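J.: Structure file final27.cif (mmCIF, C-alpha atoms) is given on the next line.
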data_input
#
loop_
_atom_site.label_atom_id
_atom_site.label_comp_id
_atom_site.auth_asym_id
_atom_site.auth_seq_id
_atom_site.Cartn_x
_atom_site.Cartn_y
_atom_site.Cartn_z
CA MET J 1 -2.42 -29.98 -20.90
CA GLU J 2 -0.15 -27.11 -19.91
CA GLU J 3 -3.15 -25.03 -18.80
CA LYS J 4 -4.34 -27.80 -16.46
CA ILE J 5 -0.91 -28.13 -14.90
CA SER J 6 -0.67 -24.39 -14.29
CA LYS J 7 -4.03 -24.34 -12.54
CA LEU J 8 -3.00 -27.24 -10.31
CA LYS J 9 0.36 -25.77 -9.34
CA ILE J 10 -0.37 -22.11 -8.65
CA ILE J 11 -1.23 -21.45 -5.03
CA LYS J 12 -4.92 -22.04 -4.35
CA LEU J 13 -7.05 -19.20 -3.07
CA ALA J 14 -7.79 -20.74 0.32
CA GLU J 15 -4.11 -21.49 0.90
CA LEU J 16 -3.18 -18.00 -0.31
CA ILE J 17 -5.51 -16.29 2.14
CA SER J 18 -4.52 -18.62 4.99
CA SER J 19 -0.75 -18.23 4.50
CA THR J 20 -1.10 -14.47 4.14
CA TRP J 21 -3.01 -14.23 7.39
CA GLN J 22 -0.56 -16.50 9.24
CA ASP J 23 2.45 -14.46 8.09
CA TYR J 24 0.76 -11.23 9.10
CA LYS J 25 -0.51 -12.55 12.44
CA SER J 26 2.99 -13.71 13.40
CA ASN J 27 4.72 -10.51 12.32
CA TRP J 28 2.17 -7.66 12.54
CA GLN J 29 4.23 -5.84 15.18
CA LYS J 30 7.24 -5.72 12.84
CA PHE J 31 5.19 -4.37 9.94
CA GLY J 32 3.47 -1.93 12.29
CA THR J 33 6.79 -0.60 13.57
CA LEU J 34 7.94 0.10 10.03
CA LEU J 35 4.70 1.86 9.08
CA ILE J 36 3.60 3.78 12.17
CA ILE J 37 5.83 6.87 11.73
CA PRO J 38 4.82 7.76 8.12
CA LEU J 39 1.18 6.98 8.91
CA ALA J 40 1.26 9.18 12.00
CA LEU J 41 2.93 11.96 10.01
CA SER J 42 0.13 11.75 7.45
CA PHE J 43 -2.39 12.36 10.23
CA VAL J 44 -0.32 15.27 11.58
CA ILE J 45 -0.41 16.91 8.12
CA ASN J 46 -4.19 16.47 7.91
CA ALA J 47 -4.65 17.81 11.45
CA PHE J 48 -2.45 20.80 10.61
CA LEU J 49 -4.50 21.60 7.50
CA TYR J 50 -7.77 21.09 9.39
CA THR J 51 -6.65 23.56 12.07
CA ALA J 52 -5.59 26.09 9.44
CA GLU J 53 -8.96 25.76 7.71
CA LEU J 54 -10.76 26.14 11.04
CA TYR J 55 -9.10 29.50 11.69
CA SER J 56 -8.89 30.57 8.04
CA THR J 57 -10.92 33.74 8.66
CA VAL J 58 -8.40 35.14 11.17
CA ILE J 59 -5.17 33.97 9.54
CA PRO J 60 -3.44 36.75 7.53
CA TRP J 61 -2.39 36.02 3.97
CA GLN J 62 1.32 36.22 4.96
CA ALA J 63 0.77 33.31 7.34
CA TRP J 64 -0.80 31.27 4.54
CA ILE J 65 2.51 31.41 2.67
CA ALA J 66 4.27 29.95 5.69
CA ILE J 67 1.53 27.32 6.05
CA GLY J 68 1.97 26.36 2.39
CA ILE J 69 5.74 26.00 2.79
CA VAL J 70 5.42 23.92 5.97
CA THR J 71 2.79 21.70 4.35
CA ALA J 72 5.00 21.15 1.26
CA VAL J 73 8.02 20.25 3.41
CA LEU J 74 5.96 17.84 5.53
CA ALA J 75 4.46 16.28 2.39
CA ILE J 76 7.91 15.67 0.86
CA PHE J 77 9.17 14.21 4.13
CA PHE J 78 6.08 12.01 4.32
CA MET J 79 6.62 10.68 0.79
CA PHE J 80 10.22 9.83 1.63
CA LEU J 81 9.26 8.00 4.83
CA TYR J 82 6.37 6.27 3.08
CA TYR J 83 8.60 4.85 0.34
CA VAL J 84 11.23 3.83 2.89
CA ALA J 85 8.57 1.98 4.91
CA TYR J 86 7.12 0.50 1.72
CA ILE J 87 10.50 -0.87 0.60
CA SER J 88 11.32 -2.04 4.13
CA GLN J 89 8.24 -4.27 4.14
CA PHE J 90 9.55 -6.09 1.06
CA ILE J 91 12.97 -6.45 2.66
CA LEU J 92 11.35 -7.86 5.79
CA LEU J 93 9.60 -10.48 3.63
CA LYS J 94 13.01 -11.73 2.56
CA ASP J 95 13.46 -13.03 6.10
CA LEU J 96 10.62 -12.63 8.58
CA THR J 97 12.94 -13.50 11.47
CA GLN J 98 14.69 -10.13 11.12
CA GLU J 99 14.39 -7.86 14.13
CA VAL J 100 12.35 -4.67 13.76
CA THR J 101 12.24 -2.22 16.66
CA PHE J 102 12.07 1.53 17.01
CA SER J 103 15.70 1.47 18.09
CA ASN J 104 16.92 -0.07 14.82
CA LEU J 105 14.72 1.86 12.37
CA LYS J 106 17.82 3.74 11.19
CA ASP J 107 19.24 0.41 10.06
CA TRP J 108 16.06 -0.28 8.09
CA ILE J 109 16.33 3.11 6.41
CA LYS J 110 19.89 2.22 5.38
CA LYS J 111 18.69 -1.13 4.01
CA SER J 112 15.99 0.50 1.92
CA LEU J 113 17.97 3.42 0.49
CA PRO J 114 19.87 1.39 -2.18
CA TYR J 115 16.48 0.45 -3.68
CA PHE J 116 14.83 3.84 -3.23
CA TRP J 117 15.24 5.53 -6.62
CA THR J 118 14.89 2.28 -8.55
CA ILE J 119 11.57 1.55 -6.84
CA VAL J 120 10.41 5.12 -7.47
CA ALA J 121 11.33 4.79 -11.16
CA VAL J 122 9.61 1.40 -11.51
CA SER J 123 6.51 2.75 -9.75
CA ILE J 124 6.35 5.79 -12.06
CA VAL J 125 6.75 3.73 -15.24
CA TYR J 126 4.25 1.13 -14.02
CA THR J 127 1.72 3.88 -13.24
CA LEU J 128 2.26 5.57 -16.62
CA PHE J 129 1.87 2.28 -18.50
CA SER J 130 -1.34 1.55 -16.62
CA LEU J 131 -2.72 5.06 -17.21
CA VAL J 132 -2.00 4.87 -20.93
CA GLY J 133 -3.76 1.50 -21.02
CA PHE J 134 -6.81 2.91 -19.26
CA ILE J 135 -6.88 5.98 -21.51
CA LEU J 136 -6.81 3.81 -24.63
CA LEU J 137 -9.35 1.42 -23.18
CA VAL J 138 -10.02 -0.04 -19.74
CA ILE J 139 -9.11 -3.63 -20.64
CA PRO J 140 -5.53 -2.86 -21.85
CA GLY J 141 -4.96 -0.98 -18.59
CA ILE J 142 -5.98 -4.01 -16.53
CA VAL J 143 -3.86 -6.32 -18.68
CA ILE J 144 -0.80 -4.09 -18.20
CA MET J 145 -1.36 -3.77 -14.45
CA VAL J 146 -1.40 -7.55 -14.00
CA TYR J 147 1.54 -8.29 -16.31
CA TYR J 148 3.87 -5.78 -14.69
CA CYS J 149 2.69 -5.94 -11.08
CA PHE J 150 5.70 -7.97 -9.92
CA ALA J 151 8.42 -5.64 -11.22
CA ILE J 152 9.10 -4.28 -7.73
CA TYR J 153 9.46 -7.81 -6.39
CA PHE J 154 12.21 -8.55 -8.90
CA VAL J 155 14.05 -5.39 -7.88
CA ILE J 156 13.90 -6.32 -4.19
CA PHE J 157 14.20 -10.09 -4.20
CA GLU J 158 16.62 -10.58 -7.06
CA ASP J 159 18.58 -7.32 -6.74
CA ASN J 160 17.70 -6.42 -10.30
CA LYS J 161 18.12 -2.90 -11.55
CA PHE J 162 15.35 -1.00 -13.28
CA GLU J 163 16.30 -2.57 -16.60
CA GLY J 164 14.70 -5.97 -16.97
CA SER J 165 12.38 -5.83 -13.97
CA LEU J 166 9.27 -5.07 -16.02
CA GLY J 167 10.11 -7.68 -18.63
CA ARG J 168 10.73 -10.36 -16.02
CA SER J 169 7.39 -9.56 -14.41
CA ARG J 170 5.67 -10.02 -17.77
CA ASP J 171 7.46 -13.33 -18.34
CA LEU J 172 6.49 -14.52 -14.86
CA VAL J 173 2.80 -13.81 -15.37
CA LYS J 174 2.73 -15.14 -18.96
CA GLY J 175 0.50 -18.21 -19.12
CA TYR J 176 -1.01 -17.46 -15.71
CA TRP J 177 -2.64 -14.08 -16.35
CA TRP J 178 -6.17 -15.18 -15.51
CA ALA J 179 -5.05 -17.00 -12.38
CA VAL J 180 -3.19 -13.92 -11.12
CA PHE J 181 -6.01 -11.59 -12.13
CA GLY J 182 -8.59 -13.71 -10.31
CA ARG J 183 -6.57 -13.71 -7.09
CA PHE J 184 -6.06 -9.95 -7.32
CA VAL J 185 -9.81 -9.44 -7.76
CA VAL J 186 -10.53 -11.52 -4.66
CA GLY J 187 -7.89 -9.59 -2.71
CA LEU J 188 -9.39 -6.25 -3.78
CA LEU J 189 -12.90 -7.42 -2.89
CA LEU J 190 -11.73 -8.38 0.59
CA ILE J 191 -10.07 -4.97 1.04
CA TYR J 192 -13.15 -3.09 -0.20
CA ALA J 193 -15.38 -5.18 2.06
CA PHE J 194 -13.17 -4.20 5.00
CA TYR J 195 -13.37 -0.50 4.08
CA PHE J 196 -17.12 -0.79 3.52
CA ILE J 197 -17.59 -2.23 7.01
CA ILE J 198 -15.43 0.48 8.60
CA GLY J 199 -17.23 3.20 6.64
CA GLY J 200 -20.61 1.77 7.60
CA LEU J 201 -19.71 1.63 11.29
CA LEU J 202 -18.40 5.20 11.16
CA ALA J 203 -21.59 6.42 9.47
CA LEU J 204 -23.64 4.63 12.13
CA ILE J 205 -21.66 6.30 14.91
CA TYR J 206 -22.15 9.73 13.29
CA TRP J 207 -25.88 9.07 13.02
CA LEU J 208 -26.14 8.01 16.66
CA ILE J 209 -24.23 11.10 17.81
CA SER J 210 -26.45 13.34 15.71
CA ARG J 211 -29.63 11.53 16.79
CA PHE J 212 -29.04 11.55 20.54
CA THR J 213 -26.86 14.63 21.08
CA GLY J 214 -27.86 16.94 18.25
CA ILE J 215 -24.17 17.44 17.34
CA ILE J 216 -23.56 17.60 13.60
CA ILE J 217 -20.09 16.46 12.48
CA ASP J 218 -19.06 18.55 9.50
CA LYS J 219 -17.27 17.20 6.44
CA ASN J 220 -13.81 18.47 7.44
CA LEU J 221 -13.99 16.99 10.95
CA SER J 222 -15.29 13.74 9.50
CA SER J 223 -12.28 13.61 7.15
CA LEU J 224 -9.93 14.24 10.07
CA ILE J 225 -11.51 11.45 12.13
CA TYR J 226 -11.26 9.08 9.18
CA SER J 227 -7.63 10.13 8.70
CA PHE J 228 -6.94 9.07 12.28
CA LEU J 229 -8.72 5.75 11.83
CA SER J 230 -6.80 5.23 8.59
CA ILE J 231 -3.62 4.84 10.63
CA PHE J 232 -4.98 1.62 12.12
CA ILE J 233 -6.65 0.50 8.89
CA SER J 234 -3.40 0.93 6.94
CA LEU J 235 -1.45 -1.01 9.58
CA ALA J 236 -3.53 -4.01 8.57
CA VAL J 237 -4.39 -3.48 4.90
CA GLY J 238 -0.91 -2.38 3.73
CA PRO J 239 1.11 -5.37 4.98
CA LEU J 240 -1.65 -7.86 4.17
CA SER J 241 -1.72 -6.64 0.55
CA ILE J 242 2.05 -6.92 0.17
CA ILE J 243 2.20 -10.37 1.79
CA TYR J 244 -0.75 -11.56 -0.30
CA THR J 245 0.91 -10.43 -3.54
CA TYR J 246 4.28 -11.81 -2.45
CA ASN J 247 2.78 -15.27 -1.91
CA ILE J 248 1.43 -15.19 -5.48
CA PHE J 249 4.86 -14.08 -6.72
CA LYS J 250 6.57 -16.88 -4.77
CA SER J 251 4.17 -19.47 -6.14
CA LEU J 252 4.74 -18.35 -9.74
CA LYS J 253 8.50 -18.37 -9.21
CA GLU J 254 8.37 -21.96 -8.01
CA ILE J 255 6.32 -22.96 -11.05
CA LYS J 256 8.54 -21.19 -13.59
CA GLN J 257 11.74 -22.57 -12.06
#
For the structure just supplied, provide its representation as structure tokens.
T.:
Amino acid sequence: MEEKISKLKIIKLAELISSTWQDYKSNWQKFGTLLIIPLALSFVINAFLYTAELYSTVIPWQAWIAIGIVTAVLAIFFMFLYYVAYISQFILLKDLTQEVTFSNLKDWIKKSLPYFWTIVAVSIVYTLFSLVGFILLVIPGIVIMVYYCFAIYFVIFEDNKFEGSLGRSRDLVKGYWWAVFGRFVVGLLLIYAFYFIIGGLLALIYWLISRFTGIIIDKNLSSLIYSFLSIFISLAVGPLSIIYTYNIFKSLKEIKQ
């Protein structure tokens, strides 16, 4: 009897997809503003490395040391901005009426900083747990990933510290593992379908260029082009994934309360 009730109450797939799309469609500019700087920096790093590789035969070894240092600094800065933008998206979900503009991004950084190290710690532990599960056997890894996937949401939405966030995620999913897993699978399939379409279109464009112009796009240039396109892909996929998962989290919270 309890199983039937749980299936009736958890958000249905069609409603989940619809509500996720509506939230994103109404607020995509806000999410985009939070994400555009780290995504653009990622492309700058790739463009920098591509240029260095292009002129590798004329660059002295002393310059490669400087290139390595610059790349490391940019990578660290990128990781910081990425996590800030990642956390900021969760904070935005608390209240989608909040204002997000380039002029108030400093305020969003300040909002995210109190959660920064806790989110990093939760992410590391979650990743380690999942890796151990996959090393032991694939199925335990999947089970762990689903049970503890909402730990970050408890940190952000209930101001929990690191302690307790993983356990509360497990308790939230308990009794609804298959329902959550099924919705995650559908979400991943939609994302992979999107990437497959983009990859197919890009391959078609490369083929047409090669067929009618004789220009061959090498692997490095292809990676750089895809890195540029990834800016726009991530502006859609990143927020949609977070909103999608948040709506599952919200539905489970309503059931458990």
J.: Given the point (1.5, -10.1, 2.8) in the file's coordinates, find the residues that have an atom at most 10 Å from it, counting all atoms listed in the file, and give them as a list of chain:residue names.
T.: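 Checking each residue against the 10 Å limit leaves J:Leu16, J:Ile17, J:Ser19, J:Thr20, J:Trp21, J:Gln22, J:Asp23, J:Tyr24, J:Phe31, J:Gln89, J:Phe90, J:Leu93, J:Ala236, J:Val237, J:Gly238, J:Pro239, J:Leu240, J:Ser241, J:Ile242, J:Ile243, J:Tyr244, J:Thr245, J:Tyr246, J:Asn247, J:Ile248.
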J.: Can you list what the PyMOL selection byres ((chain J and resi 249) around 12) grabs from this structure, as a ChimeraX atom specification?
T.: /J:10-11,16,93,146-154,157,168-173,176,179-180,183-184,242-248,250-256
J.: For the atom pair CA of Val185 (chain J) and CA of Gly167 (chain J), what is the interatomic distance in Å to one decimal place?
T.: 22.8 Å
J.: Skip Ser88 (chain J) itself and residues of its chain fewer than 4 positions away, then list as a count of residues only all residues within 12 Å of it, counting only C-alpha atoms.
T.: 35
J.: What is the distance, in Å and to one decimal place, between CA of Ile216 (chain J) and CA of Ile67 (chain J)?
T.: 27.9 Å
J.: To one decimal in Å, tell me the separation between CA of Ser42 (chain J) and CA of Ala85 (chain J).
T.: 13.2 Å
J.: Point out the residue among J:Ile76, J:Met145, J:Ile59, J:Ile205 with the least atom-to-atom distance to Leu128 (chain J), counting all atoms listed in the file.
T.: J:Met145
J.: List the residues matched by the PyMOL selection byres ((chain J and resi 50) around 12) in the displayed structure as a PyMOL selection string, ordered by chain and then by residue number.
T.: chain J and resi 43-49+51-56+67+71+218-225+227
J.: Would you kindly return, as a PyMOL selection string, each protein, DNA or RNA residue with an atom no farther than 10 Å from any atom of Gly141 (chain J), considering all atoms listed in the file and excluding same-chain residues fewer than 2 positions away?
T.: chain J and resi 127-139+143-146
J.: Dump C-alpha atoms for the selected residues as a JSON list (two decimals), in the frame of the given file?
T.:
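Generated output (part-v4.json):
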[["chain", "number", "residue", "atom", "x", "y", "z"],
["J", 127, "THR", "CA", 1.72, 3.88, -13.24],
["J", 128, "LEU", "CA", 2.26, 5.57, -16.62],
["J", 129, "PHE", "CA", 1.87, 2.28, -18.50],
["J", 130, "SER", "CA", -1.34, 1.55, -16.62],
["J", 131, "LEU", "CA", -2.72, 5.06, -17.21],
["J", 132, "VAL", "CA", -2.00, 4.87, -20.93],
["J", 133, "GLY", "CA", -3.76, 1.50, -21.02],
["J", 134, "PHE", "CA", -6.81, 2.91, -19.26],
["J", 135, "ILE", "CA", -6.88, 5.98, -21.51],
["J", 136, "LEU", "CA", -6.81, 3.81, -24.63],
["J", 137, "LEU", "CA", -9.35, 1.42, -23.18],
["J", 138, "VAL", "CA", -10.02, -0.04, -19.74],
["J", 139, "ILE", "CA", -9.11, -3.63, -20.64],
["J", 143, "VAL", "CA", -3.86, -6.32, -18.68],
["J", 144, "ILE", "CA", -0.80, -4.09, -18.20],
["J", 145, "MET", "CA", -1.36, -3.77, -14.45],
["J", 146, "VAL", "CA", -1.40, -7.55, -14.00]]
J.: So, counting all atoms listed in the file, which residue among J:Ser165, J:Ser26, J:Trp61, J:Phe80 is closest to Thr97 (chain J)?
T.: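 Closest to Thr97 (chain J) of all the choices is J:Ser26.
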J.: Is it possible to dump region 12-27 of chain J as a PDB file, in the first residue's frame, including just C-alpha atoms?
T.:
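Dumped everything to selection00.pdb:
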ATOM      1  CA  LYS J  12       5.168  12.523 -12.632  1.00  0.00           C
ATOM      2  CA  LEU J  13       7.633  12.547 -15.481  1.00  0.00           C
ATOM      3  CA  ALA J  14       5.552  14.710 -17.816  1.00  0.00           C
ATOM      4  CA  GLU J  15       4.966  17.272 -15.077  1.00  0.00           C
ATOM      5  CA  LEU J  16       8.646  17.146 -14.119  1.00  0.00           C
ATOM      6  CA  ILE J  17       9.817  17.892 -17.652  1.00  0.00           C
ATOM      7  CA  SER J  18       7.154  20.571 -18.158  1.00  0.00           C
ATOM      8  CA  SER J  19       7.850  22.415 -14.890  1.00  0.00           C
ATOM      9  CA  THR J  20      11.597  22.246 -15.491  1.00  0.00           C
ATOM     10  CA  TRP J  21      11.212  23.762 -18.935  1.00  0.00           C
ATOM     11  CA  GLN J  22       8.852  26.491 -17.701  1.00  0.00           C
ATOM     12  CA  ASP J  23      11.229  27.511 -14.903  1.00  0.00           C
ATOM     13  CA  TYR J  24      14.157  27.607 -17.301  1.00  0.00           C
ATOM     14  CA  LYS J  25      12.267  29.438 -20.052  1.00  0.00           C
ATOM     15  CA  SER J  26      11.202  32.168 -17.625  1.00  0.00           C
ATOM     16  CA  ASN J  27      14.639  32.587 -16.051  1.00  0.00           C
TER      17      ASN J  27
END
